[in-house]
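*Asks:* My questions all concern the structure below.
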Amino acid sequence: MKFIDTAEIKVKAGDGGLGMSHFRREKYVPAGGPDGGNGGNGGDVYLYATEGLSTLLDFRYQRFHEAEAGGKGGTNNRQGRCGDDLILKVPCGTVAYDSESGEIIGEVLYEGHKLLVAKGGKGGIGNTVFTTARNQAPTKTIAPIVGESKSLRLELKMIADVGIIGSPNAGKSTLITVISAARPKVADYPFTTLVPTLGVVSHKESNPFVVADVPGLIPGASQGKGLGHDFLRHIERTRVLVHLIDGSQETAEAMISDFDGILEELRLYDKALLDRPRITVVSKVDSLANEEIEESLNNTEALNGFRNYLKLKKTPYLEISSAYRIGITEMLDKLIEVLGQK
């Protein structure tokens, strides 16, 4: 299914039902009193988090959603039927914003979590309520209240234990295919991954955990360039970050720029992301086995230069090769250790 993580919709809560102005008409009761009932309340509109959903795609095709209106008040002081609430099922991690003001209305995070986004109108008041000793035959009623109407922007932020971050072609998609059953598109050109991918990882005797391979990052993403916020919004709810750096680059300077650039974009977007547990992983170390000896030596020098930089920064790191399954077990062991600390 195509991944859609934003949608613009309009919702309308149910209007309240009319209150009735009515007088009893019974045989042998020539002066029957007022008996008009109140109208029913209109239905509310809720967002309902559902684990079985992973996309907002349905809202791209149906943009208007309306709850049921309340019923009209009846005779014999019968109150009108209340309108049914409208329950809109959305993926866990969906955030609702008011499109006009930009203010956040709320979010639904776990299965069964409900969020009221539009309140139904109250039913009108029938004439029975206005009976007094001085006014035995009131005809007055009070009009019902109209249900709320809102334009909403829905935004899906994935909830995962681990978020794999890195520049385009750092090897994120290949890694997630190795450690989980997820099968994202993989190719040797930038921005292969245009949408986030979730995979469930089972390792040794530990509890399974969810890993998110999120779209690549370029300089300026914190201001919306490239995939921009499509990348960054999805790591806000991850517990641990795996920072992947392409170890097959020709120079240490390129790797350093890659490493520092990602951290700078995280800082510009949300400084709190830098305080999140993070594992630095150098990928594609299989490039050392290149048959071209000279190229292999050049890459070795580049890697050594980058290793020295990480040591200077006192940044612990791991090295892996997804293609040859080098270092994968050690990386998963470390992830389980860090997840157990949170």
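Just so we're on the same page: first chain in the structure tokens is A, next is B, and so on; residues restart at 1 for each chain, and ligands are numbered from 1 in the order they show up.
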Under the rule of at most 12 Å, produce a per-residue listing of region 76-98 of chain A near region 121-143 of chain A: chain, number, name, the closest pair of atoms, and the distance in Å, as CSV, using only C-alpha atoms.
*Replies:*
residue,atom,partner,partner_atom,distance
A:Asn76,CA,A:Thr128,CA,9.4
A:Asn77,CA,A:Thr128,CA,7.1
A:Arg78,CA,A:Gly126,CA,9.5
A:Gln79,CA,A:Gly126,CA,8.8
A:Gly80,CA,A:Gly123,CA,8.0
A:Arg81,CA,A:Gly123,CA,9.5
A:Cys82,CA,A:Gly123,CA,8.3
A:Gly83,CA,A:Gly121,CA,9.7
A:Asp85,CA,A:Gly121,CA,11.6
*Asks:* Contacts of Ile105 (chain A) at 10 Å or less, counting only C-alpha atoms, minus same-chain residues fewer than 2 places along, as a list of chain:residue names?
*Replies:*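 Skipping anything fewer than 2 positions along the chain leaves A:Val95, A:Ala96, A:Tyr97, A:Asp98, A:Gly102, A:Glu103, A:Glu107, A:Leu115, A:Leu116, A:Val117, A:Leu152, A:Arg153.
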*Asks:* Kindly export the residues of the current selection with C-alpha atoms, as a PDB file, in the first residue's frame.
*Replies:*
ATOM      1  CA  VAL A  95      -1.393  14.224  14.958  1.00  0.00           C
ATOM      2  CA  ALA A  96      -4.314  16.563  14.193  1.00  0.00           C
ATOM      3  CA  TYR A  97      -3.772  20.262  13.482  1.00  0.00           C
ATOM      4  CA  ASP A  98      -6.311  23.023  12.874  1.00  0.00           C
ATOM      5  CA  GLY A 102      -2.022  25.865  12.622  1.00  0.00           C
ATOM      6  CA  GLU A 103      -2.537  24.934  16.277  1.00  0.00           C
ATOM      7  CA  GLU A 107      -2.635  13.192  18.844  1.00  0.00           C
ATOM      8  CA  LEU A 115      -9.309  12.259  20.299  1.00  0.00           C
ATOM      9  CA  LEU A 116     -12.316  14.585  20.072  1.00  0.00           C
ATOM     10  CA  VAL A 117     -11.830  16.866  17.064  1.00  0.00           C
ATOM     11  CA  LEU A 152      -7.936  19.476   9.803  1.00  0.00           C
ATOM     12  CA  ARG A 153      -4.449  18.605   8.718  1.00  0.00           C
TER      13      ARG A 153
END
*Asks:* Write out as a VMD selection string each polymer residue whose atoms come within 6 Å of Glu148 (chain A), counting only C-alpha atoms; drop sequence neighbours fewer than 2 positions from it.
*Replies:* chain A and resid 12 to 13 118 to 119
*Asks:* Those residues you just picked out, can you put them in a file as a compact mmCIF listing (two decimals), in the first residue's frame with N, CA and C atoms?
*Replies:*
# COMPACT_ATOMS: atom_id res chain seq x y z
N LYS A 12 -17.41 17.70 10.19
CA LYS A 12 -18.59 18.42 10.65
C LYS A 12 -19.30 17.57 11.69
N ALA A 13 -19.36 18.08 12.92
CA ALA A 13 -20.12 17.39 13.96
C ALA A 13 -21.61 17.57 13.71
N ALA A 118 -14.21 17.43 16.89
CA ALA A 118 -15.34 18.32 16.62
C ALA A 118 -16.51 17.94 17.52
N LYS A 119 -17.02 18.91 18.27
CA LYS A 119 -18.08 18.67 19.25
C LYS A 119 -19.45 18.86 18.62
*Asks:* Given the choices A:Ile279, A:Leu154, A:Asp246, A:Gly70, which gets closest to Leu318 (chain A) if the distance is worked out from only C-alpha atoms?
*Replies:*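 Closest residue, counting only C-alpha atoms: A:Ile279.
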*Asks:* Determine which residues of region 31-246 of chain A DSSP labels as helix (DSSP H, G or I) from the backbone of this structure, then write them out as a short mmCIF file (atom, residue, chain, number, x, y, z; two decimals) with C-alpha atoms, in the first residue's frame.
*Replies:*
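The result, stored in selection.cif:
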data_model
loop_
_atom_site.label_atom_id
_atom_site.label_comp_id
_atom_site.auth_asym_id
_atom_site.auth_seq_id
_atom_site.Cartn_x
_atom_site.Cartn_y
_atom_site.Cartn_z
CA ASP A 58 -8.10 6.79 2.57
CA PHE A 59 -8.41 10.43 3.60
CA ARG A 60 -6.93 11.53 0.29
CA TYR A 61 -10.03 10.19 -1.49
CA ASN A 127 -41.94 24.31 25.08
CA THR A 128 -42.65 22.07 28.09
CA VAL A 129 -39.62 23.46 29.90
CA PHE A 130 -41.09 26.98 29.88
CA LYS A 172 19.72 2.22 5.42
CA SER A 173 17.37 0.25 3.17
CA THR A 174 19.84 -2.58 2.71
CA LEU A 175 20.41 -2.79 6.47
CA ILE A 176 16.71 -3.06 7.26
CA THR A 177 16.31 -5.88 4.75
CA VAL A 178 19.09 -7.76 6.55
CA ILE A 179 17.80 -7.35 10.10
CA ALA A 221 16.43 19.49 5.46
CA SER A 222 15.61 21.23 8.74
CA GLN A 223 14.24 24.09 6.61
CA HIS A 229 10.45 17.37 7.31
CA ASP A 230 9.26 14.14 5.66
CA PHE A 231 12.49 12.73 7.09
CA LEU A 232 12.67 14.56 10.38
CA ARG A 233 9.12 14.18 11.65
CA HIS A 234 9.44 10.41 11.76
CA ILE A 235 12.38 10.28 14.15
#
*Asks:* Go through A:Ile145, A:Ile159, A:Gln62, A:Gly73 and flag the residue nearest Gly43 (chain A), using only C-alpha atoms for the distances.
*Replies:*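 Of the candidates, the smallest distance to Gly43 (chain A) is held by A:Ile145.
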